[in-house]
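This is target_7.tsv (TSV, C-alpha atoms and all ligand atoms).
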```
chain	number	residue	atom	x	y	z
A	1	MET	CA	40.72	93.78	-31.49
A	2	LYS	CA	40.03	91.59	-28.51
A	3	GLY	CA	36.48	91.47	-27.19
A	4	LEU	CA	35.23	92.53	-23.75
A	5	PRO	CA	33.59	89.40	-22.36
A	6	SER	CA	32.39	90.98	-19.10
A	7	LEU	CA	30.75	93.85	-20.97
A	8	GLU	CA	29.15	91.37	-23.36
A	9	ASN	CA	27.88	89.32	-20.43
A	10	LEU	CA	26.32	92.38	-18.84
A	11	SER	CA	24.78	93.34	-22.16
A	12	LEU	CA	23.30	89.87	-22.48
A	13	SER	CA	21.78	90.20	-18.99
A	14	PHE	CA	20.16	93.52	-19.88
A	15	SER	CA	18.70	92.05	-23.07
A	16	LYS	CA	16.69	89.66	-20.88
A	17	LEU	CA	14.66	92.59	-19.54
A	18	PRO	CA	11.26	93.29	-21.13
A	19	GLY	CA	11.36	95.75	-24.02
A	20	VAL	CA	15.18	95.84	-24.18
A	21	GLY	CA	16.71	94.89	-27.51
A	22	ALA	CA	20.36	94.07	-28.24
A	23	LYS	CA	21.33	97.69	-29.09
A	24	THR	CA	19.73	99.18	-25.99
A	25	ALA	CA	21.27	96.42	-23.86
A	26	GLU	CA	24.70	97.32	-25.21
A	27	ARG	CA	24.15	101.02	-24.46
A	28	MET	CA	23.08	100.14	-20.92
A	29	ALA	CA	26.16	97.97	-20.39
A	30	TYR	CA	28.42	100.83	-21.50
A	31	ALA	CA	26.56	103.19	-19.17
A	32	VAL	CA	27.23	100.85	-16.24
A	33	LEU	CA	30.90	100.71	-17.23
A	34	ARG	CA	31.08	104.51	-17.11
A	35	MET	CA	29.34	104.79	-13.72
A	36	GLU	CA	31.20	105.90	-10.60
A	37	ARG	CA	32.38	102.85	-8.71
A	38	GLU	CA	30.04	103.64	-5.80
A	39	ASP	CA	26.95	103.87	-8.03
A	40	ARG	CA	27.85	100.67	-9.79
A	41	GLU	CA	28.23	98.82	-6.52
A	42	GLU	CA	24.92	100.20	-5.29
A	43	PHE	CA	23.30	99.02	-8.53
A	44	ALA	CA	24.71	95.51	-8.16
A	45	LYS	CA	23.61	95.42	-4.52
A	46	SER	CA	20.02	96.38	-5.41
A	47	ILE	CA	19.83	93.58	-7.94
A	48	ALA	CA	21.17	91.04	-5.45
A	49	GLU	CA	18.81	92.27	-2.73
A	50	VAL	CA	15.57	91.87	-4.69
A	51	GLY	CA	16.51	88.23	-5.09
A	52	GLU	CA	17.54	87.74	-1.46
A	53	LYS	CA	14.98	89.78	0.46
A	54	ILE	CA	11.82	89.42	-1.59
A	55	SER	CA	9.81	86.22	-1.63
A	56	LYS	CA	6.21	85.23	-2.32
A	57	CYS	CA	3.70	85.00	0.52
A	58	PRO	CA	2.75	81.31	0.73
A	59	THR	CA	-0.90	82.21	1.40
A	60	CYS	CA	-1.75	84.89	-1.14
A	61	GLY	CA	1.19	85.00	-3.54
A	62	LEU	CA	1.95	88.70	-3.06
A	63	TYR	CA	5.60	89.63	-2.89
A	64	GLU	CA	6.78	90.25	0.64
A	65	GLU	CA	9.99	91.61	2.06
A	66	ASN	CA	11.62	90.11	5.15
A	67	GLY	CA	8.88	87.50	5.44
A	68	GLU	CA	6.02	89.88	6.22
A	69	CYS	CA	3.06	89.90	3.82
A	70	PRO	CA	1.69	93.41	3.15
A	71	SER	CA	-1.82	91.96	3.03
A	72	CYS	CA	-2.12	88.77	5.13
A	73	ASP	CA	-0.03	90.13	8.02
A	74	ASP	CA	-1.87	93.47	8.14
A	75	GLU	CA	-4.33	93.18	11.03
A	76	THR	CA	-6.28	96.27	9.96
A	77	ARG	CA	-7.52	94.71	6.70
A	78	GLU	CA	-11.06	93.48	6.14
A	79	ARG	CA	-10.78	89.71	6.22
A	80	SER	CA	-14.16	89.00	4.65
A	81	LEU	CA	-13.15	90.43	1.26
A	82	LEU	CA	-10.83	88.68	-1.16
A	83	CYS	CA	-9.61	90.39	-4.31
A	84	VAL	CA	-8.21	88.11	-7.03
A	85	VAL	CA	-5.54	89.62	-9.29
A	86	SER	CA	-3.33	88.29	-12.03
A	87	GLU	CA	-0.02	89.74	-10.84
A	88	ASP	CA	1.49	91.35	-7.76
A	89	ARG	CA	1.71	94.71	-9.56
A	90	ASP	CA	-2.08	94.72	-10.13
A	91	ALA	CA	-2.60	94.57	-6.37
A	92	ARG	CA	-0.16	97.46	-5.96
A	93	SER	CA	-2.16	99.53	-8.51
A	94	ILE	CA	-5.34	98.80	-6.56
A	95	GLU	CA	-3.63	99.80	-3.31
A	96	LYS	CA	-2.47	103.08	-4.83
A	97	ALA	CA	-6.01	103.79	-6.01
A	98	GLY	CA	-7.21	103.40	-2.40
A	99	GLY	CA	-10.75	102.41	-1.47
A	100	TYR	CA	-10.14	98.66	-1.20
A	101	HIS	CA	-8.91	97.31	2.10
A	102	GLY	CA	-9.51	93.57	1.99
A	103	LEU	CA	-7.16	90.66	1.31
A	104	TYR	CA	-5.62	89.55	-2.00
A	105	HIS	CA	-4.95	86.43	-4.00
A	106	VAL	CA	-2.41	86.46	-6.85
A	107	LEU	CA	-3.01	83.95	-9.65
A	108	GLY	CA	0.37	84.36	-11.32
A	109	GLY	CA	-1.12	84.95	-14.77
A	110	LEU	CA	-4.33	84.40	-16.73
A	111	ILE	CA	-5.62	81.34	-18.53
A	112	SER	CA	-4.31	81.44	-22.09
A	113	PRO	CA	-4.10	78.11	-23.93
A	114	SER	CA	-2.34	79.81	-26.88
A	115	LYS	CA	0.47	80.92	-24.55
A	116	GLY	CA	0.50	77.53	-22.84
A	117	LEU	CA	-0.97	78.94	-19.62
A	118	LEU	CA	-3.47	76.42	-18.30
A	119	PRO	CA	-5.48	76.61	-15.05
A	120	GLU	CA	-3.12	74.04	-13.47
A	121	GLY	CA	-0.23	76.47	-13.90
A	122	LEU	CA	-1.98	79.20	-11.91
A	123	SER	CA	-2.77	79.50	-8.19
A	124	ILE	CA	-6.42	78.58	-8.74
A	125	ASP	CA	-6.45	75.45	-6.55
A	126	SER	CA	-5.08	77.38	-3.60
A	127	LEU	CA	-7.68	80.10	-4.21
A	128	VAL	CA	-10.53	77.60	-4.12
A	129	ASN	CA	-9.08	76.03	-0.96
A	130	ARG	CA	-8.78	79.42	0.69
A	131	VAL	CA	-12.40	80.28	-0.08
A	132	LYS	CA	-13.61	76.83	1.00
A	133	ALA	CA	-11.77	77.21	4.30
A	134	GLY	CA	-14.35	79.90	5.06
A	135	GLY	CA	-14.43	83.43	6.38
A	136	PHE	CA	-14.90	85.25	3.08
A	137	GLU	CA	-18.18	86.94	2.18
A	138	GLU	CA	-17.16	88.23	-1.22
A	139	VAL	CA	-14.57	87.31	-3.83
A	140	ILE	CA	-13.82	90.16	-6.23
A	141	LEU	CA	-12.33	89.15	-9.55
A	142	ALA	CA	-10.12	92.10	-10.53
A	143	LEU	CA	-8.80	90.71	-13.78
A	144	SER	CA	-8.09	92.72	-16.91
A	145	PRO	CA	-11.04	93.00	-19.35
A	146	THR	CA	-9.25	90.99	-22.04
A	147	LEU	CA	-10.16	87.64	-23.56
A	148	GLU	CA	-7.78	85.92	-21.12
A	149	GLY	CA	-9.20	87.88	-18.18
A	150	GLU	CA	-12.77	86.99	-19.14
A	151	THR	CA	-11.93	83.31	-19.60
A	152	THR	CA	-10.20	83.20	-16.22
A	153	SER	CA	-13.04	85.04	-14.43
A	154	LEU	CA	-15.61	82.65	-15.85
A	155	TYR	CA	-13.52	79.60	-14.97
A	156	ILE	CA	-13.02	80.73	-11.36
A	157	SER	CA	-16.64	81.81	-10.86
A	158	LYS	CA	-17.79	78.32	-11.90
A	159	LEU	CA	-15.40	76.69	-9.45
A	160	LEU	CA	-16.56	78.96	-6.63
A	161	ALA	CA	-20.27	78.63	-7.36
A	162	SER	CA	-20.67	75.69	-4.96
A	163	THR	CA	-19.09	77.57	-2.03
A	164	GLY	CA	-22.02	79.98	-1.76
A	165	VAL	CA	-19.64	82.95	-1.44
A	166	LYS	CA	-20.67	86.00	-3.45
A	167	VAL	CA	-18.44	86.37	-6.52
A	168	THR	CA	-18.23	89.78	-8.19
A	169	ARG	CA	-16.17	91.30	-10.96
A	170	LEU	CA	-15.04	94.84	-11.51
A	171	GLY	CA	-17.46	97.19	-13.27
A	172	TYR	CA	-16.29	98.45	-16.58
A	173	GLY	CA	-14.96	101.90	-16.28
A	174	LEU	CA	-11.94	99.88	-17.34
A	175	PRO	CA	-11.48	100.02	-21.12
A	176	MET	CA	-11.90	96.66	-22.89
A	177	GLY	CA	-8.61	95.03	-23.75
A	178	ALA	CA	-6.72	97.24	-21.31
A	179	SER	CA	-4.38	95.86	-18.72
A	180	LEU	CA	-5.16	96.63	-15.09
A	181	ASP	CA	-1.69	97.90	-14.28
A	182	TYR	CA	-2.04	100.68	-16.86
A	183	ALA	CA	-5.34	101.99	-15.48
A	184	ASP	CA	-5.26	105.15	-13.39
A	185	GLY	CA	-6.29	105.26	-9.74
A	186	LEU	CA	-9.68	106.88	-10.27
A	187	THR	CA	-10.66	104.37	-12.97
A	188	ILE	CA	-9.71	101.48	-10.67
A	189	GLU	CA	-11.64	103.02	-7.77
A	190	LYS	CA	-14.74	103.48	-9.94
A	191	ALA	CA	-14.40	99.93	-11.24
A	192	PHE	CA	-14.45	98.68	-7.65
A	193	GLU	CA	-17.53	100.72	-6.78
A	194	GLY	CA	-19.29	99.45	-9.89
A	195	ARG	CA	-18.54	95.77	-9.30
A	196	ARG	CA	-21.26	93.31	-10.25
A	197	LYS	CA	-22.23	89.84	-9.28
A	198	ILE	CA	-21.30	87.10	-11.75
B	201	ZN	ZN	-0.15	87.17	1.86
```

Here is the file; what I need is its structure written in the form of structure tokens.
Amino acid sequence: MKGLPSLENLSLSFSKLPGVGAKTAERMAYAVLRMEREDREEFAKSIAEVGEKISKCPTCGLYEENGECPSCDDETRERSLLCVVSEDRDARSIEKAGGYHGLYHVLGGLISPSKGLLPEGLSIDSLVNRVKAGGFEEVILALSPTLEGETTSLYISKLLASTGVKVTRLGYGLPMGASLDYADGLTIEKAFEGRRKI
């Protein structure tokens, strides 16, 4: 029996998604094949659009659509507060929790020598430059309470020490070892209220 190269290609694409193994990828590819033409086209369009319309804000690193940053370009936000997160989705969790209305800075990961993630590979230089440029009264390190998060917080707080800006970290209603994007809104809100100076 001849193979189905386009189905295999699609399956291979699905297997690149997190948590999707070869079997699941194959099931997904068959499901796409069975979709109504309209749904399939809509699906393909959505995938193309995230690539075309979404980019990273050059200042803070948050994802933005149509060139407008949800944080930097929002005039109503408190511009004296800067919240440092590992990933875009952490900022979105904080937004959903409510309570914080300052600016953001996305590092693009956490320092982890074992995974080959060194400070140079993260947006730490641009963070330091942003803080040095002035205007911020407090930098809140909202990094997950994991070994990597702790290491990164410590590293950044040392770099910012000379700027004289107050550096705080989230209080621990957050469970140790937990990732910020899994925490519920109330826990995140409490963690913000309980933030402490480093
Ligand atoms: Zn921005």

For region 120-165 of chain A versus region 88-97 of chain A, which residues have an atom no more than 12 Å away, and what is each residue's nearest atom pair and distance in Å rounded to one decimal, using all atoms listed in the file, chain-then-number order, as JSON lines?
```
{"residue": "A:Leu141", "atom": "CA", "partner": "A:Ala91", "partner_atom": "CA", "distance": 11.6}
{"residue": "A:Ala142", "atom": "CA", "partner": "A:Asp90", "partner_atom": "CA", "distance": 8.5}
{"residue": "A:Leu143", "atom": "CA", "partner": "A:Asp90", "partner_atom": "CA", "distance": 8.6}
{"residue": "A:Ser144", "atom": "CA", "partner": "A:Asp90", "partner_atom": "CA", "distance": 9.3}
```

For ligand ZN 201 (chain B), which residue among A:Glu8, A:Glu189, A:Glu52, A:Glu68 is the nearest when counting all atoms listed in the file?
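Looking only at the distances to ligand ZN 201 (chain B), the closest residue turns out to be A:Glu68.
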
Checklist entry - Smallest atom-to-atom distance to Tyr104 (chain A): which of A:Glu36, A:Glu120, A:Asp74, A:Asp125, using all atoms listed in the file? => result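 Smallest separation from Tyr104 (chain A) among the options: A:Asp74.
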
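Each residue with an atom within 7 Å of any atom of ligand ZN 201 (chain B) appears in the list, which was built counting all atoms listed in the file: Cys57, Pro58, Thr59, Cys60, Gly61, Leu62, Cys69, Pro70, Ser71, Cys72 and Asp73 of chain A.
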
Review point. Which polymer residues have any atom within 7 Å of an atom of Leu170 (chain A), counting only C-alpha atoms, with same-chain residues fewer than 5 positions away left out, as a PyMOL selection string?
Key: chain A and resi 141-142+191-192+194-196

Output file for the residues above (C-alpha atoms, as a PDB file, in the frame of the given file):
```
ATOM      1  CA  LEU A 141     -12.330  89.150  -9.550  1.00  0.00           C
ATOM      2  CA  ALA A 142     -10.120  92.100 -10.530  1.00  0.00           C
ATOM      3  CA  ALA A 191     -14.400  99.930 -11.240  1.00  0.00           C
ATOM      4  CA  PHE A 192     -14.450  98.680  -7.650  1.00  0.00           C
ATOM      5  CA  GLY A 194     -19.290  99.450  -9.890  1.00  0.00           C
ATOM      6  CA  ARG A 195     -18.540  95.770  -9.300  1.00  0.00           C
ATOM      7  CA  ARG A 196     -21.260  93.310 -10.250  1.00  0.00           C
TER       8      ARG A 196
END
```

Taking all listed atoms of region 73-91 of chain A, build the axis-aligned box, pad each of the six sides by 6 Å, then write its centre and edge lengths in Å to one decimal as AutoDock Vina command-line options.
```
--center_x -6.2 --center_y 92.2 --center_z -0.5 --size_x 27.9 --size_y 20.2 --size_z 35.1
```

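Across the model, the gap from CA of Leu117 (chain A) to CA of Lys132 (chain A) is 24.3 Å.
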
- prompt: So what do you get for CA of Leu12 (chain A) versus CA of Tyr30 (chain A), distance-wise?
  reply: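 Distance reported for this atom pair: 12.1 Å.
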
Residue with the minimum atom-to-atom distance to Gly171 (chain A), picked from A:Lys158, A:Leu147, A:Arg79, A:Ile140 with all atoms listed in the file counted, is A:Ile140

From CA of Val106 (chain A) to CA of Lys53 (chain A) the spacing works out at 19.2 Å

Select, from A:Glu65, A:Glu75, A:Leu160, A:Ala31, the residue with the minimum atom-to-atom distance to Glu49 (chain A), counting all atoms listed in the file.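 Among the listed residues, A:Glu65 lies closest to Glu49 (chain A).
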
Query - Of the listed residues A:Ile124, A:Met28, A:Val167, A:Leu7, that which approaches Ile111 (chain A) most closely, counting all atoms listed in the file - result: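 Of A:Ile124, A:Met28, A:Val167, A:Leu7, the one nearest Ile111 (chain A) is A:Ile124, counting all atoms listed in the file.
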
Considering only C-alpha atoms, can you say which of A:Ala133, A:Glu26, A:Ala183, A:Thr146 comes closest to Asn9 (chain A)?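 Going through A:Ala133, A:Glu26, A:Ala183, A:Thr146 one by one, the smallest distance to Asn9 (chain A) is for A:Glu26.
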
Can you list, as a list in words, every protein, DNA or RNA residue that comes within 7 Å of His105 (chain A) when you count all atoms listed in the file, leaving out same-chain residues fewer than 3 positions away?
-> Cys60, Gly61, Leu82, Cys83, Val84, Val85 and Leu127 of chain A

Contacts of Ile198 (chain A) at 8 Å (all atoms listed in the file; same-chain gap of 6+ positions) as a PDB file with C-alpha atoms, in the frame of the given file:
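Full text of part-v3.pdb as output:
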```pdb
ATOM      1  CA  SER A 157     -16.640  81.810 -10.860  1.00  0.00           C
ATOM      2  CA  VAL A 167     -18.440  86.370  -6.520  1.00  0.00           C
ATOM      3  CA  THR A 168     -18.230  89.780  -8.190  1.00  0.00           C
ATOM      4  CA  ARG A 169     -16.170  91.300 -10.960  1.00  0.00           C
TER       5      ARG A 169
END
```

Would you mind putting N, CA, C and O atoms back on region 149-172 of chain A and writing the result as an mmCIF file, keeping the file's coordinate frame?
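Printed below is part_7.cif as written:
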```cif
data_model
loop_
_atom_site.group_PDB
_atom_site.id
_atom_site.type_symbol
_atom_site.label_atom_id
_atom_site.label_comp_id
_atom_site.auth_asym_id
_atom_site.auth_seq_id
_atom_site.Cartn_x
_atom_site.Cartn_y
_atom_site.Cartn_z
ATOM 1 N N GLY A 149 -8.611 87.491 -19.459
ATOM 2 C CA GLY A 149 -9.200 87.880 -18.180
ATOM 3 C C GLY A 149 -10.621 87.349 -18.044
ATOM 4 O O GLY A 149 -11.018 86.842 -16.991
ATOM 5 N N GLU A 150 -11.378 87.462 -19.136
ATOM 6 C CA GLU A 150 -12.770 86.990 -19.140
ATOM 7 C C GLU A 150 -12.824 85.474 -18.934
ATOM 8 O O GLU A 150 -13.608 84.969 -18.142
ATOM 9 N N THR A 151 -11.975 84.781 -19.686
ATOM 10 C CA THR A 151 -11.930 83.310 -19.600
ATOM 11 C C THR A 151 -11.615 82.884 -18.168
ATOM 12 O O THR A 151 -12.260 81.994 -17.606
ATOM 13 N N THR A 152 -10.632 83.545 -17.574
ATOM 14 C CA THR A 152 -10.200 83.200 -16.220
ATOM 15 C C THR A 152 -11.308 83.505 -15.200
ATOM 16 O O THR A 152 -11.575 82.698 -14.307
ATOM 17 N N SER A 153 -11.957 84.660 -15.344
ATOM 18 C CA SER A 153 -13.040 85.040 -14.430
ATOM 19 C C SER A 153 -14.153 84.003 -14.466
ATOM 20 O O SER A 153 -14.672 83.574 -13.430
ATOM 21 N N LEU A 154 -14.525 83.613 -15.680
ATOM 22 C CA LEU A 154 -15.610 82.650 -15.850
ATOM 23 C C LEU A 154 -15.243 81.296 -15.224
ATOM 24 O O LEU A 154 -16.037 80.681 -14.512
ATOM 25 N N TYR A 155 -14.005 80.869 -15.489
ATOM 26 C CA TYR A 155 -13.520 79.600 -14.970
ATOM 27 C C TYR A 155 -13.565 79.585 -13.441
ATOM 28 O O TYR A 155 -14.076 78.645 -12.824
ATOM 29 N N ILE A 156 -13.070 80.655 -12.825
ATOM 30 C CA ILE A 156 -13.020 80.730 -11.360
ATOM 31 C C ILE A 156 -14.432 80.819 -10.777
ATOM 32 O O ILE A 156 -14.749 80.166 -9.781
ATOM 33 N N SER A 157 -15.290 81.628 -11.421
ATOM 34 C CA SER A 157 -16.640 81.810 -10.860
ATOM 35 C C SER A 157 -17.407 80.481 -10.861
ATOM 36 O O SER A 157 -18.167 80.195 -9.939
ATOM 37 N N LYS A 158 -17.144 79.640 -11.875
ATOM 38 C CA LYS A 158 -17.790 78.320 -11.900
ATOM 39 C C LYS A 158 -17.289 77.450 -10.754
ATOM 40 O O LYS A 158 -18.055 76.753 -10.090
ATOM 41 N N LEU A 159 -15.978 77.504 -10.521
ATOM 42 C CA LEU A 159 -15.400 76.690 -9.450
ATOM 43 C C LEU A 159 -15.893 77.132 -8.064
ATOM 44 O O LEU A 159 -16.011 76.324 -7.151
ATOM 45 N N LEU A 160 -16.167 78.438 -7.940
ATOM 46 C CA LEU A 160 -16.560 78.960 -6.630
ATOM 47 C C LEU A 160 -18.068 78.913 -6.393
ATOM 48 O O LEU A 160 -18.534 79.159 -5.280
ATOM 49 N N ALA A 161 -18.806 78.596 -7.457
ATOM 50 C CA ALA A 161 -20.270 78.630 -7.360
ATOM 51 C C ALA A 161 -20.790 77.784 -6.201
ATOM 52 O O ALA A 161 -21.719 78.189 -5.491
ATOM 53 N N SER A 162 -20.166 76.616 -5.990
ATOM 54 C CA SER A 162 -20.670 75.690 -4.960
ATOM 55 C C SER A 162 -20.364 76.159 -3.539
ATOM 56 O O SER A 162 -20.913 75.642 -2.574
ATOM 57 N N THR A 163 -19.471 77.137 -3.390
ATOM 58 C CA THR A 163 -19.090 77.570 -2.030
ATOM 59 C C THR A 163 -20.137 78.504 -1.419
ATOM 60 O O THR A 163 -20.139 78.707 -0.207
ATOM 61 N N GLY A 164 -21.004 79.081 -2.265
ATOM 62 C CA GLY A 164 -22.020 79.980 -1.760
ATOM 63 C C GLY A 164 -21.505 81.390 -1.466
ATOM 64 O O GLY A 164 -22.264 82.269 -1.070
ATOM 65 N N VAL A 165 -20.207 81.606 -1.666
ATOM 66 C CA VAL A 165 -19.640 82.950 -1.440
ATOM 67 C C VAL A 165 -19.976 83.826 -2.642
ATOM 68 O O VAL A 165 -19.955 83.361 -3.784
ATOM 69 N N LYS A 166 -20.325 85.079 -2.364
ATOM 70 C CA LYS A 166 -20.670 86.000 -3.450
ATOM 71 C C LYS A 166 -19.427 86.277 -4.300
ATOM 72 O O LYS A 166 -18.373 86.628 -3.772
ATOM 73 N N VAL A 167 -19.557 86.096 -5.608
ATOM 74 C CA VAL A 167 -18.440 86.370 -6.520
ATOM 75 C C VAL A 167 -18.797 87.567 -7.393
ATOM 76 O O VAL A 167 -19.821 87.558 -8.063
ATOM 77 N N THR A 168 -17.969 88.589 -7.369
ATOM 78 C CA THR A 168 -18.230 89.780 -8.190
ATOM 79 C C THR A 168 -17.038 90.038 -9.098
ATOM 80 O O THR A 168 -15.958 89.476 -8.917
ATOM 81 N N ARG A 169 -17.270 90.873 -10.100
ATOM 82 C CA ARG A 169 -16.170 91.300 -10.960
ATOM 83 C C ARG A 169 -16.211 92.805 -11.044
ATOM 84 O O ARG A 169 -17.239 93.415 -10.758
ATOM 85 N N LEU A 170 -15.094 93.390 -11.458
ATOM 86 C CA LEU A 170 -15.040 94.840 -11.510
ATOM 87 C C LEU A 170 -15.998 95.374 -12.563
ATOM 88 O O LEU A 170 -16.181 94.775 -13.609
ATOM 89 N N GLY A 171 -16.626 96.523 -12.288
ATOM 90 C CA GLY A 171 -17.460 97.190 -13.270
ATOM 91 C C GLY A 171 -16.576 97.783 -14.332
ATOM 92 O O GLY A 171 -15.395 98.008 -14.102
ATOM 93 N N TYR A 172 -17.159 98.001 -15.513
ATOM 94 C CA TYR A 172 -16.290 98.450 -16.580
ATOM 95 C C TYR A 172 -16.253 99.942 -16.820
ATOM 96 O O TYR A 172 -16.822 100.459 -17.747
#
```
